[in-house]
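Down below is the structure, laid out as structure tokens.
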Amino acid sequence: MITIVGAGVIGLAVAAQVAGKYGEVYILEKNETFGKETSSRNSETIHAGIYYPEGSLKAETCVAGNALLYDLCQQHGIGCRKTGKLIVATKDEEVGKLEALLERGKRNGVKGLAMLSKKRLRELEPNVEAIAAILSLSSGIIDSYALMKYLLNRAKEQGAEIAYKSKVIGIERLSDGYEVTVESGSKSFPFKTEILINCAGLNSDEIAQLAGIDIAEAGYKLRYCKGEYFSVSNHKSRMVDRLIYPVPEPSSGGTGIHTVVDVEGRMRLGPNAQYVDEIDYKVDESQQGFFFDSVKQFLPFIEYDDLAPEMAGIRPKLQGPGEGFGDFVIRHEQDKGLPGFINLIGIESPGLTSSPAIAKYVEGLVSKIL
Ligand SMILES: Cc1cc2nc3c(=O)[nH]c(=O)nc-3n(C[C@H](O)[C@H](O)[C@H](O)COP(=O)(O)OP(=O)(O)OC[C@H]3O[C@@H](n4cnc5c(N)ncnc54)[C@H](O)[C@@H]3O)c2cc1C
């Protein structure tokens, strides 16, 4: 039996991948339904895989996941649009950074990348102001709820079962698996599983700790990095066609305030990146000036009053403020004395894009255990 903790896009993708092949599959989710946390509080961008160091899990699963997602969407009618994306330089000193990004993207195996002149950029997006840009043709957007619904249905069709309002509160190692204690309403009950897969998102470090891992020593302690969004609530929300991103500031914790266009073509702006101690999805209205200042150079048509606070998500990060690159942790923890226990920790962006590739990677680990 395989038990998956968490019904976000990662837990559901893993369930859809392993169900029907390795015995019974159960998904335990603490909320009343699937996808109520980070998987429904993000930019819904299908990333190309430009930003991440060559050979990293983020780079490899993003590039593979990008292609897998478009295939899934096409085959199963999941809403998505290959909008294309522009990463724009507004200052001379950013042009070198763009060139470095382009090279990194190519090394990562991203197809459909090109450097655009100012003239070509104007032709493609007449309302965007920049001196140079990378065009990424394989970037796009996806209806993440529809993706998760599809993954859940697929897992169920293959025999997987899901239990909502079922919070994992204890994990005990047995000689042939794990006894998992689940809290459901006012009751708690134990059950046994051979394989336990931790896809608990913002709580994945706690689940690792419940299994007996020293998370400080293992480098698994999560830091919460909040990202807020502001909507563009008038006709200006349709003044760009593509996703428009600034040149990222590596220490900022995100990819910079960018446009997000939903499947209906409406634009919003976000996310910022602020480390927080608590999970709280309120949007700080005083950030409006920061959002306006961040985009006014490349979206000169935006005025301060066009913006309205919208929503927020929280990144489960393994790095603190100003720290360098941190990769996904996707590990069978046999060497920590936990055979059959698989951790997925720090699955921040591009986790949505990477989800089908992460699921295949996890299946590779499962197939070696069973
Ligand atoms: C602001 C922001 C923008 C982003 N933009 C993008 C983007 O544009 N493109 C992209 O590819 N990625 C993006 N991401 C990343 C992407 O959203 C995440 O990588 C992905 O959603 C992670 O999914 P998950 O299933 O790991 O986590 P979650 O969706 O958080 O799911 C984890 C689940 O585990 C459950 N759980 C936790 N603890 C327990 C427990 N003890 N017992 C039972 N269940 C438990 C939770 O209730 C939750 O449902 C963004 C993230 C953020 C925050």
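FYI, nothing fancy with the structure tokens labels: chains A, B, ... in order, residues from 1 per chain, ligands from 1 as they appear.
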| request: Identify, on the basis of only C-alpha atoms, every residue whose closest approach to range 153-167 of chain A does not exceed 8 Å; exclude the query and any residue fewer than 5 positions from it along the same chain; express the result as a list in words. | output: Leu12, Ala15, Ala16, Gln17, Ala19, Gly20, Glu24, Val25, Tyr26, Ile27, Leu28, Glu29, Lys30, Asn31, Glu32, Thr33, Phe34, Val182, Glu183, Ser184 and Gly185 of chain A
| field | Polymer residues at most 12 Å from Lys111 in chain A, only C-alpha atoms, same-chain spacing of 2 or more positions, as a PyMOL selection string | value | chain A and resi 47-50+63-64+66-67+84+102-109+113-114+135-139
| task | Would you mind listing the residues within 7 Å of ligand 1, counting only C-alpha atoms and all ligand atoms, as a ChimeraX atom specification? | result | /A:5-11,28-31,34-47,166-169,199-204,207,226-228,271,312-315,347-354
| Running DSSP on the backbone, which parts of range 135-236 of chain A land in helix (DSSP H, G or I), as a ChimeraX atom specification? | /A:144-157,201-210,215-218,235-236
| field | Residue nearest Val247 in chain A among A:Leu57, A:Ala89, A:Val14, A:Cys62 (counting only C-alpha atoms) | value | A:Ala89
| query | Tell me, which residues of range 8-219 of chain A carry DSSP strand (DSSP E or B), written as a VMD selection string? | reply | chain A and resid 25 to 28 45 to 46 80 to 81 85 to 89 113 to 116 132 to 136 140 to 142 161 to 163 167 to 174 177 to 184 187 to 193 195 to 198
Prev. selection, C-alpha atoms, output as a JSON list (two decimals), in the first residue's frame:
[["chain", "number", "residue", "atom", "x", "y", "z"],
["A", 25, "VAL", "CA", -3.11, 4.00, -3.07],
["A", 26, "TYR", "CA", -4.57, 6.33, -0.41],
["A", 27, "ILE", "CA", -4.40, 10.11, -0.32],
["A", 28, "LEU", "CA", -4.82, 11.85, 3.04],
["A", 45, "THR", "CA", 2.26, 29.97, -15.41],
["A", 46, "ILE", "CA", 3.56, 27.01, -17.36],
["A", 80, "CYS", "CA", -4.41, 26.16, -20.99],
["A", 81, "ARG", "CA", -2.96, 28.68, -23.42],
["A", 85, "LYS", "CA", 6.30, 35.13, -22.44],
["A", 86, "LEU", "CA", 8.63, 38.12, -22.63],
["A", 87, "ILE", "CA", 11.38, 38.81, -20.11],
["A", 88, "VAL", "CA", 12.06, 42.50, -20.59],
["A", 89, "ALA", "CA", 15.09, 44.68, -19.89],
["A", 113, "LEU", "CA", 13.84, 31.04, -27.07],
["A", 114, "ALA", "CA", 14.95, 34.17, -28.91],
["A", 115, "MET", "CA", 16.38, 37.60, -28.12],
["A", 116, "LEU", "CA", 14.18, 40.35, -29.53],
["A", 132, "ALA", "CA", 15.38, 44.33, -25.25],
["A", 133, "ALA", "CA", 13.55, 41.14, -24.41],
["A", 134, "ILE", "CA", 13.74, 37.36, -24.44],
["A", 135, "LEU", "CA", 10.77, 35.74, -26.12],
["A", 136, "SER", "CA", 9.91, 32.31, -24.72],
["A", 140, "GLY", "CA", 1.93, 29.69, -21.07],
["A", 141, "ILE", "CA", -0.84, 29.45, -18.54],
["A", 142, "ILE", "CA", -2.98, 26.65, -17.18],
["A", 161, "GLU", "CA", -8.97, 6.57, -2.66],
["A", 162, "ILE", "CA", -8.92, 9.98, -1.05],
["A", 163, "ALA", "CA", -9.84, 10.91, 2.51],
["A", 167, "LYS", "CA", -4.71, 15.20, 9.03],
["A", 168, "VAL", "CA", -1.57, 13.16, 9.59],
["A", 169, "ILE", "CA", -0.49, 13.79, 13.19],
["A", 170, "GLY", "CA", 1.83, 10.85, 13.88],
["A", 171, "ILE", "CA", 4.20, 8.53, 12.02],
["A", 172, "GLU", "CA", 5.75, 5.47, 13.61],
["A", 173, "ARG", "CA", 8.31, 3.29, 11.88],
["A", 174, "LEU", "CA", 7.40, -0.44, 11.86],
["A", 177, "GLY", "CA", 6.33, 0.04, 6.88],
["A", 178, "TYR", "CA", 4.74, 2.86, 8.87],
["A", 179, "GLU", "CA", 1.88, 3.33, 11.28],
["A", 180, "VAL", "CA", 0.30, 6.64, 10.40],
["A", 181, "THR", "CA", -1.99, 8.34, 12.92],
["A", 182, "VAL", "CA", -4.74, 10.36, 11.30],
["A", 183, "GLU", "CA", -6.92, 12.96, 12.99],
["A", 184, "SER", "CA", -10.41, 13.26, 11.55],
["A", 187, "LYS", "CA", -11.34, 11.26, 16.43],
["A", 188, "SER", "CA", -7.95, 9.88, 15.57],
["A", 189, "PHE", "CA", -7.10, 6.45, 14.19],
["A", 190, "PRO", "CA", -3.98, 4.56, 13.14],
["A", 191, "PHE", "CA", -3.41, 2.69, 9.91],
["A", 192, "LYS", "CA", -0.54, 0.86, 8.29],
["A", 193, "THR", "CA", 1.17, 1.56, 4.99],
["A", 195, "ILE", "CA", 5.19, 3.32, 1.46],
["A", 196, "LEU", "CA", 4.59, 6.86, 2.69],
["A", 197, "ILE", "CA", 5.01, 9.81, 0.33],
["A", 198, "ASN", "CA", 5.18, 13.27, 1.87]]
| query | Taking into account only C-alpha atoms, which residue in the set A:Leu101, A:Asp241, A:Val110, A:Lys282 is nearest to Thr61 in chain A? | reply |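 With only C-alpha atoms as the atom set, the closest residue is A:Val110.
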| said: Would you compute the distance between CA of Arg122 in chain A and CA of Gly96 in chain A? Give it in Å to one decimal. | reply: 20.3 Å
Can you build me a table of range 256-356 of chain A residues sitting at most 12 Å from range 215-218 of chain A, with the closest atom pair per residue and its distance in Å to one decimal, using only C-alpha atoms, sorted by chain and residue number, as CSV?
residue,atom,partner,partner_atom,distance
A:Leu318,CA,A:Ala216,CA,10.8
A:Val329,CA,A:Ala218,CA,10.5
A:Arg331,CA,A:Ala218,CA,11.7
A:Glu333,CA,A:Ala218,CA,10.8
A:Asp335,CA,A:Ala218,CA,11.7
A:Lys336,CA,A:Ala218,CA,9.5
A:Asn343,CA,A:Ile215,CA,11.5
A:Ile345,CA,A:Ile215,CA,10.7
Expected file contents, prior selection, N, CA, C and O atoms, as a CSV table (one decimal), in the first residue's frame:
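Wrote it out as part26.csv, contents follow:
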chain,number,residue,atom,x,y,z
A,318,LEU,N,13.2,26.5,1.0
A,318,LEU,CA,14.3,25.9,1.8
A,318,LEU,C,15.4,27.0,2.0
A,318,LEU,O,16.3,26.7,2.8
A,329,VAL,N,13.7,19.1,-2.9
A,329,VAL,CA,14.2,17.9,-2.2
A,329,VAL,C,13.1,16.8,-2.6
A,329,VAL,O,12.0,16.9,-2.3
A,331,ARG,N,13.3,12.7,-2.3
A,331,ARG,CA,14.3,11.7,-1.8
A,331,ARG,C,13.6,10.5,-1.2
A,331,ARG,O,12.6,10.7,-0.4
A,333,GLU,N,14.2,8.2,1.7
A,333,GLU,CA,15.0,8.5,2.9
A,333,GLU,C,15.5,7.2,3.5
A,333,GLU,O,15.7,7.1,4.8
A,335,ASP,N,18.5,6.1,3.5
A,335,ASP,CA,19.8,6.3,4.2
A,335,ASP,C,19.6,7.1,5.6
A,335,ASP,O,20.5,7.2,6.3
A,336,LYS,N,18.4,7.6,5.8
A,336,LYS,CA,18.1,8.1,7.1
A,336,LYS,C,17.4,7.1,8.0
A,336,LYS,O,16.8,7.4,9.0
A,343,ASN,N,10.3,11.8,0.7
A,343,ASN,CA,10.0,13.2,1.0
A,343,ASN,C,10.0,14.1,-0.2
A,343,ASN,O,10.9,14.0,-1.1
A,345,ILE,N,10.0,18.1,-0.4
A,345,ILE,CA,10.1,19.3,0.4
A,345,ILE,C,10.6,20.5,-0.4
A,345,ILE,O,11.5,20.3,-1.3
| said: Can you pull out the residues contacting Leu72 in chain A? Cut-off 10 Å, using only C-alpha atoms, and skip same-chain residues under 3 positions away; I want them as a ChimeraX atom specification. | reply: /A:67-69,75-78,80,147,150-151,356
